[in-house]
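Colleague: One structure coming up, written as structure tokens, with questions to follow.
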Amino acid sequence: TEEPPSQPQLGELTVSHVGPDSVQLEWSVPEGAFDSFTVQYKDAQGQPQVLPVDGGSRTVTVPGLSASRRYKFNLYGVWGRKRLGPISTDAVTAAEEVEEEQQPQPRLGELTASHVSPNSVQLEWSIPKGSFDSFTVQYIDVQGQPQVLPVDGDSRTVTVSGLLPSHPYKFNLYGMWGQTRLGPISTDIITAPAPAQEQPRSQPRLGQLTASHISPDSVQLEWSVPEGAFDSFTVQYKDAQGQPQVLPVDGGSRTVTVPGLSASRRYKFNLYGVWGRKRLGPISTDAVTGEGRNWHLVALGLQQMQILTGNFFPLAAGTAAMPPL
């Protein structure tokens, strides 16, 4: 016959963490095992409270306490029909965290133009009191359209670009504080005159547009500029739904990847060059995107057959390279 298990023994009860409204208790069982535990204490109204804990636990959090109050906790171990203990500990809950006082309403100072060029203005402003979440700069462009420039709350300067030389502008700056918009503070400037050009630039010329790489969902385009330089380019095409799409490209680039295309579809791409206020072109090319997933599986099977037989077959022009096995 198996010997009956020896009576377990409770060790020490300690407080491992104290908050304003809770206390975490820990205890040890140096010998044997208990079926369950109970934690007993009195709440802020002096009413006895009992918190049951399973026998495998060695820690429990007692919630719902009052801040800055002393509590005595008793822990009992239940073993069969016997209740052993208690072991006890005292704890004082932490003080209630003081809510931060509401920040006073911030104040905008002065808005100035610290640097003016023919096509840009650098604005600076001061905040003599408080802090803002963000700012917005508003002005009217040469076409009479309102423009809004968002600025983060830590900044005290911003550069407004894309302006015209020798043109008057009025800038308004607003500060956002929560859901409140404060301001504006304003300043007026006239952009600097354009520098005199010794010789007018000769009109650039577009060369040839080609599709240098084709996949099921994208096409890489390349083009040449045999003469002169463009300020920027735009690629225009129609998507699978027939909607016109415009892709802007900077003037120093000679290649761009058009993403988001549909597999096995013919696309016509038009490229325009922007030179000052002129749009030159287009130069055009057609491309058919690669096959989708089914072709990938066929190509993978072909590659496996090539490895097994030693016979290698050239891929058709424009076919995407097969991934390694």
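The way I read the labels, and the way they are meant: chains A, B, ... in the order of the structure tokens, residue 1 as the first residue of every chain, and ligand 1 as the first ligand shown, with later ones counted on from there.
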Among the residues of segment 167-247 of chain A, find those DSSP assigns to strand (DSSP E or B) from the backbone and print them as a ChimeraX atom specification.
Modeller: /A:168-177,180-190,205,209-214,219-223,227,232-238,244-247
Colleague: Might you pull out every residue within 9 Å of Gly64 of chain A, with only C-alpha atoms counted and same-chain residues fewer than 4 positions away left off, and present them as a ChimeraX atom specification?
Modeller: /A:21-22,43
Colleague: Write out as an NGL selection string the residues lying within 7 Å of Leu108 of chain A, counting only C-alpha atoms and excluding same-chain residues fewer than 6 positions away.
Modeller: :A and (126-128 or 183)
Colleague: With the cut-off set at 12 Å and counting only C-alpha atoms, tabulate each residue of segment 59-143 of chain A with an atom at most that distance from an atom of segment 6-17 of chain A, showing the nearest atom pair and its distance in Å to one decimal, ordered by chain and increasing number, as a tab-separated table.
Modeller:
residue	atom	partner	partner_atom	distance
A:Thr59	CA	A:Ser16	CA	8.9
A:Val60	CA	A:Ser16	CA	9.9
A:Thr61	CA	A:His17	CA	8.8
A:Val62	CA	A:His17	CA	10.5
A:Pro63	CA	A:His17	CA	11.9
A:Tyr71	CA	A:Val15	CA	11.2
A:Lys72	CA	A:Val15	CA	10.8
A:Phe73	CA	A:Leu13	CA	8.8
A:Asn74	CA	A:Leu13	CA	8.5
A:Leu75	CA	A:Leu13	CA	7.6
A:Tyr76	CA	A:Leu10	CA	8.3
A:Gly77	CA	A:Leu10	CA	7.2
A:Val78	CA	A:Pro8	CA	9.5
A:Trp79	CA	A:Pro8	CA	7.6
A:Gly80	CA	A:Gln7	CA	9.8
A:Arg81	CA	A:Gln7	CA	11.8
A:Lys82	CA	A:Gln7	CA	9.8
A:Arg83	CA	A:Pro8	CA	10.8
A:Leu84	CA	A:Leu10	CA	7.9
A:Gly85	CA	A:Leu10	CA	7.0
A:Pro86	CA	A:Leu10	CA	8.3
A:Ile87	CA	A:Leu13	CA	6.1
A:Ser88	CA	A:Leu13	CA	6.0
A:Thr89	CA	A:Leu13	CA	6.1
A:Asp90	CA	A:Val15	CA	8.1
A:Ala91	CA	A:Val15	CA	7.0
A:Val92	CA	A:Val15	CA	9.9
A:Thr93	CA	A:His17	CA	9.5
A:Ala94	CA	A:His17	CA	9.9
Colleague: With N, CA and C atoms retained, write the just-selected residues as a PDB file, in the first residue's frame.
Modeller:
ATOM      1  N   THR A  59       1.003  32.910  -6.678  1.00  0.00           N
ATOM      2  CA  THR A  59       0.854  34.369  -6.705  1.00  0.00           C
ATOM      3  C   THR A  59      -0.582  34.703  -7.065  1.00  0.00           C
ATOM      4  N   VAL A  60      -1.071  35.854  -6.567  1.00  0.00           N
ATOM      5  CA  VAL A  60      -2.404  36.318  -6.898  1.00  0.00           C
ATOM      6  C   VAL A  60      -2.432  37.839  -6.749  1.00  0.00           C
ATOM      7  N   THR A  61      -3.230  38.495  -7.583  1.00  0.00           N
ATOM      8  CA  THR A  61      -3.423  39.943  -7.471  1.00  0.00           C
ATOM      9  C   THR A  61      -4.779  40.215  -6.857  1.00  0.00           C
ATOM     10  N   VAL A  62      -4.779  40.986  -5.781  1.00  0.00           N
ATOM     11  CA  VAL A  62      -6.021  41.370  -5.104  1.00  0.00           C
ATOM     12  C   VAL A  62      -6.438  42.742  -5.648  1.00  0.00           C
ATOM     13  N   PRO A  63      -7.543  42.811  -6.416  1.00  0.00           N
ATOM     14  CA  PRO A  63      -7.937  44.084  -7.029  1.00  0.00           C
ATOM     15  C   PRO A  63      -8.956  44.834  -6.173  1.00  0.00           C
ATOM     16  N   TYR A  71      -3.787  47.314   4.586  1.00  0.00           N
ATOM     17  CA  TYR A  71      -4.562  46.069   4.552  1.00  0.00           C
ATOM     18  C   TYR A  71      -3.739  44.951   5.182  1.00  0.00           C
ATOM     19  N   LYS A  72      -4.462  44.007   5.830  1.00  0.00           N
ATOM     20  CA  LYS A  72      -3.824  42.784   6.323  1.00  0.00           C
ATOM     21  C   LYS A  72      -4.405  41.623   5.535  1.00  0.00           C
ATOM     22  N   PHE A  73      -3.506  40.805   4.966  1.00  0.00           N
ATOM     23  CA  PHE A  73      -3.918  39.673   4.146  1.00  0.00           C
ATOM     24  C   PHE A  73      -3.546  38.368   4.852  1.00  0.00           C
ATOM     25  N   ASN A  74      -4.519  37.435   4.951  1.00  0.00           N
ATOM     26  CA  ASN A  74      -4.301  36.098   5.504  1.00  0.00           C
ATOM     27  C   ASN A  74      -4.479  35.077   4.394  1.00  0.00           C
ATOM     28  N   LEU A  75      -3.523  34.165   4.277  1.00  0.00           N
ATOM     29  CA  LEU A  75      -3.620  33.103   3.262  1.00  0.00           C
ATOM     30  C   LEU A  75      -3.720  31.754   3.959  1.00  0.00           C
ATOM     31  N   TYR A  76      -4.749  30.964   3.570  1.00  0.00           N
ATOM     32  CA  TYR A  76      -4.964  29.619   4.088  1.00  0.00           C
ATOM     33  C   TYR A  76      -4.730  28.614   2.962  1.00  0.00           C
ATOM     34  N   GLY A  77      -4.206  27.437   3.339  1.00  0.00           N
ATOM     35  CA  GLY A  77      -4.073  26.346   2.397  1.00  0.00           C
ATOM     36  C   GLY A  77      -5.098  25.274   2.691  1.00  0.00           C
ATOM     37  N   VAL A  78      -5.807  24.801   1.662  1.00  0.00           N
ATOM     38  CA  VAL A  78      -6.815  23.752   1.820  1.00  0.00           C
ATOM     39  C   VAL A  78      -6.217  22.434   1.349  1.00  0.00           C
ATOM     40  N   TRP A  79      -6.238  21.440   2.284  1.00  0.00           N
ATOM     41  CA  TRP A  79      -5.653  20.117   1.981  1.00  0.00           C
ATOM     42  C   TRP A  79      -6.673  19.076   2.383  1.00  0.00           C
ATOM     43  N   GLY A  80      -7.338  18.516   1.377  1.00  0.00           N
ATOM     44  CA  GLY A  80      -8.451  17.620   1.684  1.00  0.00           C
ATOM     45  C   GLY A  80      -9.555  18.426   2.350  1.00  0.00           C
ATOM     46  N   ARG A  81      -9.942  17.976   3.578  1.00  0.00           N
ATOM     47  CA  ARG A  81     -10.978  18.707   4.310  1.00  0.00           C
ATOM     48  C   ARG A  81     -10.370  19.625   5.362  1.00  0.00           C
ATOM     49  N   LYS A  82      -9.072  19.725   5.367  1.00  0.00           N
ATOM     50  CA  LYS A  82      -8.399  20.558   6.368  1.00  0.00           C
ATOM     51  C   LYS A  82      -8.046  21.922   5.794  1.00  0.00           C
ATOM     52  N   ARG A  83      -8.121  22.950   6.633  1.00  0.00           N
ATOM     53  CA  ARG A  83      -7.659  24.284   6.275  1.00  0.00           C
ATOM     54  C   ARG A  83      -6.460  24.610   7.151  1.00  0.00           C
ATOM     55  N   LEU A  84      -5.309  24.783   6.544  1.00  0.00           N
ATOM     56  CA  LEU A  84      -4.065  25.030   7.279  1.00  0.00           C
ATOM     57  C   LEU A  84      -3.689  26.507   7.151  1.00  0.00           C
ATOM     58  N   GLY A  85      -3.081  27.029   8.203  1.00  0.00           N
ATOM     59  CA  GLY A  85      -2.651  28.425   8.186  1.00  0.00           C
ATOM     60  C   GLY A  85      -3.373  29.205   9.257  1.00  0.00           C
ATOM     61  N   PRO A  86      -3.390  30.538   9.162  1.00  0.00           N
ATOM     62  CA  PRO A  86      -2.933  31.313   8.002  1.00  0.00           C
ATOM     63  C   PRO A  86      -1.465  31.720   8.103  1.00  0.00           C
ATOM     64  N   ILE A  87      -0.942  32.182   6.946  1.00  0.00           N
ATOM     65  CA  ILE A  87       0.266  33.006   6.939  1.00  0.00           C
ATOM     66  C   ILE A  87      -0.189  34.404   6.544  1.00  0.00           C
ATOM     67  N   SER A  88       0.447  35.422   7.074  1.00  0.00           N
ATOM     68  CA  SER A  88      -0.092  36.784   6.950  1.00  0.00           C
ATOM     69  C   SER A  88       0.967  37.779   6.504  1.00  0.00           C
ATOM     70  N   THR A  89       0.482  38.893   5.958  1.00  0.00           N
ATOM     71  CA  THR A  89       1.348  40.028   5.642  1.00  0.00           C
ATOM     72  C   THR A  89       0.504  41.290   5.602  1.00  0.00           C
ATOM     73  N   ASP A  90       1.134  42.426   5.874  1.00  0.00           N
ATOM     74  CA  ASP A  90       0.475  43.730   5.789  1.00  0.00           C
ATOM     75  C   ASP A  90       0.997  44.485   4.575  1.00  0.00           C
ATOM     76  N   ALA A  91       0.154  45.337   4.006  1.00  0.00           N
ATOM     77  CA  ALA A  91       0.574  46.170   2.873  1.00  0.00           C
ATOM     78  C   ALA A  91      -0.206  47.472   2.893  1.00  0.00           C
ATOM     79  N   VAL A  92       0.465  48.557   2.475  1.00  0.00           N
ATOM     80  CA  VAL A  92      -0.199  49.854   2.315  1.00  0.00           C
ATOM     81  C   VAL A  92      -0.238  50.151   0.820  1.00  0.00           C
ATOM     82  N   THR A  93      -1.433  50.342   0.268  1.00  0.00           N
ATOM     83  CA  THR A  93      -1.558  50.632  -1.169  1.00  0.00           C
ATOM     84  C   THR A  93      -0.917  51.974  -1.498  1.00  0.00           C
ATOM     85  N   ALA A  94      -0.507  52.102  -2.764  1.00  0.00           N
ATOM     86  CA  ALA A  94       0.168  53.318  -3.208  1.00  0.00           C
ATOM     87  C   ALA A  94      -0.811  54.482  -3.256  1.00  0.00           C
TER      88      ALA A  94
END
Colleague: List as a tab-separated table (two decimals) with all heavy atoms, in the first residue's frame the protein and nucleic acid residues near Ser264 of chain A, meaning an atom at most 9 Å away when only C-alpha atoms are counted, but skip any in the same chain fewer than 4 places from it.
Modeller:
chain	number	residue	atom	x	y	z
A	216	PRO	N	4.50	39.92	-64.87
A	216	PRO	CA	3.03	39.85	-64.92
A	216	PRO	C	2.33	41.11	-64.41
A	216	PRO	O	1.24	41.42	-64.84
A	216	PRO	CB	2.70	38.64	-64.05
A	216	PRO	CG	3.94	37.79	-64.10
A	216	PRO	CD	5.07	38.74	-64.17
A	217	ASP	N	2.94	41.85	-63.48
A	217	ASP	CA	2.22	43.00	-62.89
A	217	ASP	C	2.98	44.31	-62.99
A	217	ASP	O	2.61	45.29	-62.34
A	217	ASP	CB	1.86	42.72	-61.43
A	217	ASP	CG	3.08	42.45	-60.57
A	217	ASP	OD1	4.21	42.45	-61.13
A	217	ASP	OD2	2.94	42.23	-59.38
A	288	VAL	N	3.13	44.01	-73.59
A	288	VAL	CA	2.18	43.01	-73.09
A	288	VAL	C	2.78	42.42	-71.83
A	288	VAL	O	3.88	41.87	-71.86
A	288	VAL	CB	1.91	41.91	-74.14
A	288	VAL	CG1	0.94	40.88	-73.56
A	288	VAL	CG2	1.33	42.52	-75.41
A	289	THR	N	2.07	42.53	-70.72
A	289	THR	CA	2.58	42.00	-69.45
A	289	THR	C	2.68	40.49	-69.52
A	289	THR	O	2.00	39.82	-70.30
A	289	THR	CB	1.66	42.40	-68.28
A	289	THR	OG1	0.30	42.13	-68.65
A	289	THR	CG2	1.81	43.88	-67.95
A	290	GLY	N	3.55	39.93	-68.65
A	290	GLY	CA	3.80	38.50	-68.64
A	290	GLY	C	2.61	37.70	-68.17
A	290	GLY	O	1.63	38.23	-67.64
A	291	GLU	N	2.71	36.36	-68.34
A	291	GLU	CA	1.67	35.46	-67.86
A	291	GLU	C	1.63	35.51	-66.35
A	291	GLU	O	2.58	35.88	-65.70
A	291	GLU	CB	1.94	34.04	-68.34
A	291	GLU	CG	1.99	33.88	-69.85
A	291	GLU	CD	0.60	33.85	-70.48
A	291	GLU	OE1	-0.40	33.71	-69.72
A	291	GLU	OE2	0.51	33.98	-71.70
A	292	GLY	N	0.51	35.07	-65.78
A	292	GLY	CA	0.36	35.06	-64.32
A	292	GLY	C	0.93	33.81	-63.72
A	292	GLY	O	1.86	33.19	-64.22
Colleague: Tell me which protein, DNA and RNA residues are within 12 Å of Leu209 of chain A, counting only C-alpha atoms, leaving out same-chain ones fewer than 3 positions away, and put them as a list in words.
Modeller: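 Once the adjacent positions are removed, what remains is Leu206, Ser212, Gln220, Leu221, Glu222, Trp223, Ser224, Val225, Val235, Arg254, Thr255, Val256, Lys268, Phe269, Asn270, Leu271, Tyr272, Gly273, Gly281, Pro282, Ile283, Ser284, Thr285, Asp286 and Ala287 of chain A.
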Colleague: Suppose you want the space between atom CA of Leu173 of chain A and atom CA of Asn119 of chain A; what is it in Å?
Modeller: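 Distance reported for this atom pair: 19.4 Å.
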